[in-house]
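Participant: Before I ask anything, let me first share the structure, which is written out below as structure tokens.
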Amino acid sequence: MDIFEINGGKPLCGSAAVQGSKNSVLPILAASLLGDGCEIENCPALSDVDVALRILRRLGCSAEFKNGVATVAPTGREAVDIPDGLMREMRSSVIFLGAVLARSGEAEIYFPGGCRLGPRPIDMHLDALEKLGVEIETDGGRISCRAHKLRGAQINFDSVSVGATENAMLAAVLAEGETLISNAAREPEIVDLQDFLNKMGACVSGAGSNVIHIKGVRRLHGARHSVIPDRIAAATVLSAAAACGGNVELGRCRPDHMETVLKSLHEMGCELEIKPDSVALKRRGRLKAPRPIVTAAYPGFPTDAQPLLMAAGLTAEGSSVFVENIFENRYAQVPELRRMGADIITSGRVAAIVGVERLIGAEVEAADLRGGAALLIAAMSAEGYSRVAGAKHIDRGYECPEELFGSLGAKIKRKEVKDSERQQKEQTQER
Ligand code: EPZ
């Protein structure tokens, strides 16, 4: 089990490039199941990507990752089941369901399990697939799906779901007839998926708006595609630079995908120089508290960036309010931030922060991906030594964070902690 050891209080300076988007490459890897040989460039080296490649191999593909390129090809063997253990390793494993049904007409998966953010149901995914002609039986944790013939349909989502929109797109591209998805998610990752599917010969339009139109085609071929930059990884680096102070230039990013985040950082007193594919952030003097941050579906303020801006707001002058409208429980990092001296109270979906002069390093533990990133940001801006346990959560979404932040001047290193050493430490703490 790995931890991060950080000696904080140093400004971040220098330049870095943004990794490829985790939340774009995962549905694109699922879509590659439908092609006859795909090369996916700018693919980030993440544990979630590793799980996705293992699922593709389980489903009968060859799936390799080398030097930022994932290569996926059919082998002639087709399987339709994803075992429970593999499903549980990655929340968004359910994203493979639509693609397996489009390729093979049947699928056997398991509920992906909840996580710290909340129950993470998949009812909207299953409803959409039933509208496309899928017969679904659930037995305990298992989901058995059969589709004699997928047929185009009208799908109206009651609320916005990124994953359910993606699953409906993947199931509809080879269906007979036309599909109209209303109240679709509008994230840039949905547009990237549309672009990839169309390169494979699909006929998808409207992504980025709340109505997506799909004309089913008979087959898809292979394609080469470069994944868009990760807007949340970019927000993480910029929030860290805001929290620590300094001068950071972030290349290979898409500022047009992160307008709400940049607006909040500007409100906090950061100087921003924005170009089409880069953002430079300078922070001198004390941050000011941002106006209330209320998360919403894209193009609203992204829920994934809420913990990151929270970390930057901890030492800002004044008070700030966060309202988390997407997930039921996205404040798991708050008790850990309090250990560093943060002044935060939460009630349901609302968190209120009173900025303190400084944070003090502490031993903390990550419980989820973005909450863990918030702990790294707070630890880098705190005075003194911090130990951030739960690196496995952070590795799901960030390529080698110690290298990324170390290259910008942070004193951060990764350390492997044997379970025996951890148990001994816990016993000592209990005495
Ligand atoms: C995607 O998750 C992202 N993950 C999440 O990023 C992101 O936070 C989320 O979209 C919202 O933007 C990937 O793309 C891999 P949703 P997803 O379906 O698709 C409820 C990260 O840190 N809901 O848009 O699972 C759900 O409980 C991750 O990178 C249902 O009720 O999110 C939530 O409250 C975290 N029934 C809301 O909708 C359903 O069938 C939005 O969830 C599906 C979702």
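Identifiers for the structure tokens are assigned positionally: chains receive A, B, ... in sequence, residues are indexed from 1 per chain, and ligands are indexed from 1 in the order shown.
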Can you pull out every residue from range 253-402 of chain A that DSSP, working from the backbone, puts in strand (DSSP E), and format the result as a count of residues only?

Facilitator: 37

Participant: Counting only C-alpha atoms and all ligand atoms, what are the residues, protein, DNA or RNA alike, that approach ligand 1 to within 6 Å? I want them as a list in words.

Facilitator: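 Using only C-alpha atoms and all ligand atoms, everything at most 6 Å from ligand 1 comes to Asn23, Ser92, Arg120, Pro121, Ile122, Asp123, Met124, His125, Ser161, Val162, Gly163, Ala164, Thr303, Asp304, Ile326, Phe327, Leu369 and Arg370 of chain A.
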
Participant: Would you compute the distance between CA of Leu376 in chain A and CA of Val388 in chain A? Give it in Å to one decimal.

Facilitator: 7.0 Å

Participant: Please list as a ChimeraX atom specification every residue within 10 Å of Leu375 in chain A, counting only C-alpha atoms and excluding residues in the same chain fewer than 4 positions away.

Facilitator: /A:307-308,311,333-334,336-337,340,364-366,370-371,379-381,386-389,394

Participant: Give the helix (DSSP H, G or I) residues of range 132-259 of chain A, as DSSP finds them on the backbone, and put them as number ranges by chain.

Facilitator: A: 162-172, 188-199, 231-244, 255-257, 259

Participant: I'd like the neighbourhood of range 401-410 of chain A as a list in words, where a residue qualifies if any of its atoms comes within 8 Å (using only C-alpha atoms), though same-chain residues fewer than 2 positions away should be ignored.

Facilitator: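 In the requested form, the answer reads Phe4, Ile6, Asn7, Gly8, Lys10, Pro11, Leu12, Cys13, Gly14, Ser15, Ala16, Val237, Val248, Met380, Asp395, Tyr398, Glu399, Ile412, Lys413 and Arg414 of chain A.
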
Participant: Each residue of range 3-111 of chain A with at least one atom at most 12 Å from range 228-233 of chain A should appear once, together with its nearest atom pair and the corresponding distance in Å (one decimal); atoms considered: only C-alpha atoms; ordering: chain, then increasing residue number; output as a tab-separated table.

Facilitator:
```
residue	atom	partner	partner_atom	distance
A:Ala16	CA	A:Ala233	CA	11.2
A:Ala17	CA	A:Pro229	CA	9.1
A:Val18	CA	A:Pro229	CA	6.0
A:Gln19	CA	A:Pro229	CA	5.9
A:Gly20	CA	A:Pro229	CA	4.4
A:Ser21	CA	A:Asp230	CA	3.6
A:Lys22	CA	A:Asp230	CA	6.6
A:Asn23	CA	A:Asp230	CA	7.7
A:Ser24	CA	A:Ile228	CA	7.1
A:Val25	CA	A:Ile228	CA	8.4
A:Leu26	CA	A:Ile228	CA	12.0
A:Ile28	CA	A:Ile228	CA	11.0
A:Ile40	CA	A:Ile228	CA	10.8
A:Glu41	CA	A:Ile228	CA	9.5
A:Asn42	CA	A:Ile228	CA	7.7
A:Cys43	CA	A:Ile228	CA	9.2
A:Pro44	CA	A:Asp230	CA	9.1
```

Participant: Given the choices A:Ala207, A:Leu59, A:Met268, A:Ala147, which gets closest to Pro290 in chain A if the distance is worked out from only C-alpha atoms?

Facilitator: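 Looking at the shortest contact to Pro290 in chain A, the residue is A:Met268.
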
Participant: Could you list, as a VMD selection string, every residue within 6 Å of Gly201 in chain A, counting only C-alpha atoms and ignoring same-chain residues fewer than 2 positions away?

Facilitator: chain A and resid 198 to 199 220

Participant: For the residues in that selection, give me all heavy atoms as a PDB file, in the first residue's frame.

Facilitator:
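Just written: result_36.pdb:
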```pdb
ATOM      1  N   ASN A 198     -17.745   8.271 -34.537  1.00  0.00           N
ATOM      2  CA  ASN A 198     -17.913   8.649 -35.940  1.00  0.00           C
ATOM      3  C   ASN A 198     -16.680   8.306 -36.771  1.00  0.00           C
ATOM      4  O   ASN A 198     -16.793   7.931 -37.946  1.00  0.00           O
ATOM      5  CB  ASN A 198     -18.261  10.137 -36.056  1.00  0.00           C
ATOM      6  CG  ASN A 198     -19.700  10.412 -35.609  1.00  0.00           C
ATOM      7  OD1 ASN A 198     -20.519   9.488 -35.533  1.00  0.00           O
ATOM      8  ND2 ASN A 198     -19.985  11.657 -35.272  1.00  0.00           N
ATOM      9  N   LYS A 199     -15.491   8.369 -36.142  1.00  0.00           N
ATOM     10  CA  LYS A 199     -14.272   7.941 -36.856  1.00  0.00           C
ATOM     11  C   LYS A 199     -14.350   6.442 -37.169  1.00  0.00           C
ATOM     12  O   LYS A 199     -13.747   5.960 -38.125  1.00  0.00           O
ATOM     13  CB  LYS A 199     -13.029   8.207 -36.007  1.00  0.00           C
ATOM     14  CG  LYS A 199     -12.578   9.651 -35.976  1.00  0.00           C
ATOM     15  CD  LYS A 199     -11.330   9.807 -35.119  1.00  0.00           C
ATOM     16  CE  LYS A 199     -10.909  11.269 -35.019  1.00  0.00           C
ATOM     17  NZ  LYS A 199      -9.760  11.423 -34.047  1.00  0.00           N
ATOM     18  N   LEU A 220     -18.978  -1.258 -37.528  1.00  0.00           N
ATOM     19  CA  LEU A 220     -17.966  -0.207 -37.320  1.00  0.00           C
ATOM     20  C   LEU A 220     -16.599  -0.781 -37.660  1.00  0.00           C
ATOM     21  O   LEU A 220     -16.365  -1.988 -37.535  1.00  0.00           O
ATOM     22  CB  LEU A 220     -17.995   0.274 -35.870  1.00  0.00           C
ATOM     23  CG  LEU A 220     -19.297   0.941 -35.392  1.00  0.00           C
ATOM     24  CD1 LEU A 220     -19.160   1.364 -33.935  1.00  0.00           C
ATOM     25  CD2 LEU A 220     -19.641   2.138 -36.266  1.00  0.00           C
TER      26      LEU A 220
END
```

Participant: Please determine, counting only C-alpha atoms, which residue among A:Leu86, A:Ala31, A:Val356, A:Leu281 has the shortest atom-to-atom distance to Arg54 in chain A.

Facilitator: A:Leu86

Participant: Tell me, as a ChimeraX atom specification, which residues lie within 12 Å of Ser320 in chain A, counting only C-alpha atoms; anything in the same chain fewer than 4 positions away does not count.

Facilitator: /A:264,267-268,287-294,309-316,343-346,350-356

Participant: Filtering to C-alpha atoms, could you give me those residues as a short mmCIF file (atom, residue, chain, number, x, y, z; two decimals), in the first residue's frame?

Facilitator:
```
data_model
loop_
_atom_site.label_atom_id
_atom_site.label_comp_id
_atom_site.auth_asym_id
_atom_site.auth_seq_id
_atom_site.Cartn_x
_atom_site.Cartn_y
_atom_site.Cartn_z
CA SER A 264 -13.64 30.81 -9.53
CA GLU A 267 -12.43 35.44 -8.25
CA MET A 268 -9.95 34.16 -5.67
CA LEU A 287 -6.24 34.25 -1.85
CA LYS A 288 -9.71 35.69 -1.46
CA ALA A 289 -12.65 33.38 -0.75
CA PRO A 290 -14.59 32.55 -3.97
CA ARG A 291 -18.27 33.29 -4.43
CA PRO A 292 -20.46 30.25 -3.58
CA ILE A 293 -19.50 27.17 -5.59
CA VAL A 294 -22.62 25.21 -6.60
CA LEU A 309 -11.39 24.37 -5.05
CA MET A 310 -12.34 23.58 -1.46
CA ALA A 311 -8.69 22.76 -0.74
CA ALA A 312 -7.60 26.04 -2.32
CA GLY A 313 -10.22 27.96 -0.30
CA LEU A 314 -9.07 26.69 3.11
CA THR A 315 -6.54 29.51 3.64
CA ALA A 316 -8.34 32.16 1.57
CA ASP A 343 -12.24 25.44 9.59
CA ILE A 344 -15.10 23.67 7.75
CA ILE A 345 -18.59 22.63 8.71
CA THR A 346 -20.86 20.50 6.54
CA VAL A 350 -23.55 22.18 1.95
CA ALA A 351 -20.02 22.89 3.21
CA ALA A 352 -19.06 26.22 4.76
CA ILE A 353 -15.45 27.28 5.14
CA VAL A 354 -13.86 30.07 7.16
CA GLY A 355 -10.39 30.72 5.76
CA VAL A 356 -7.54 30.24 8.24
#
```
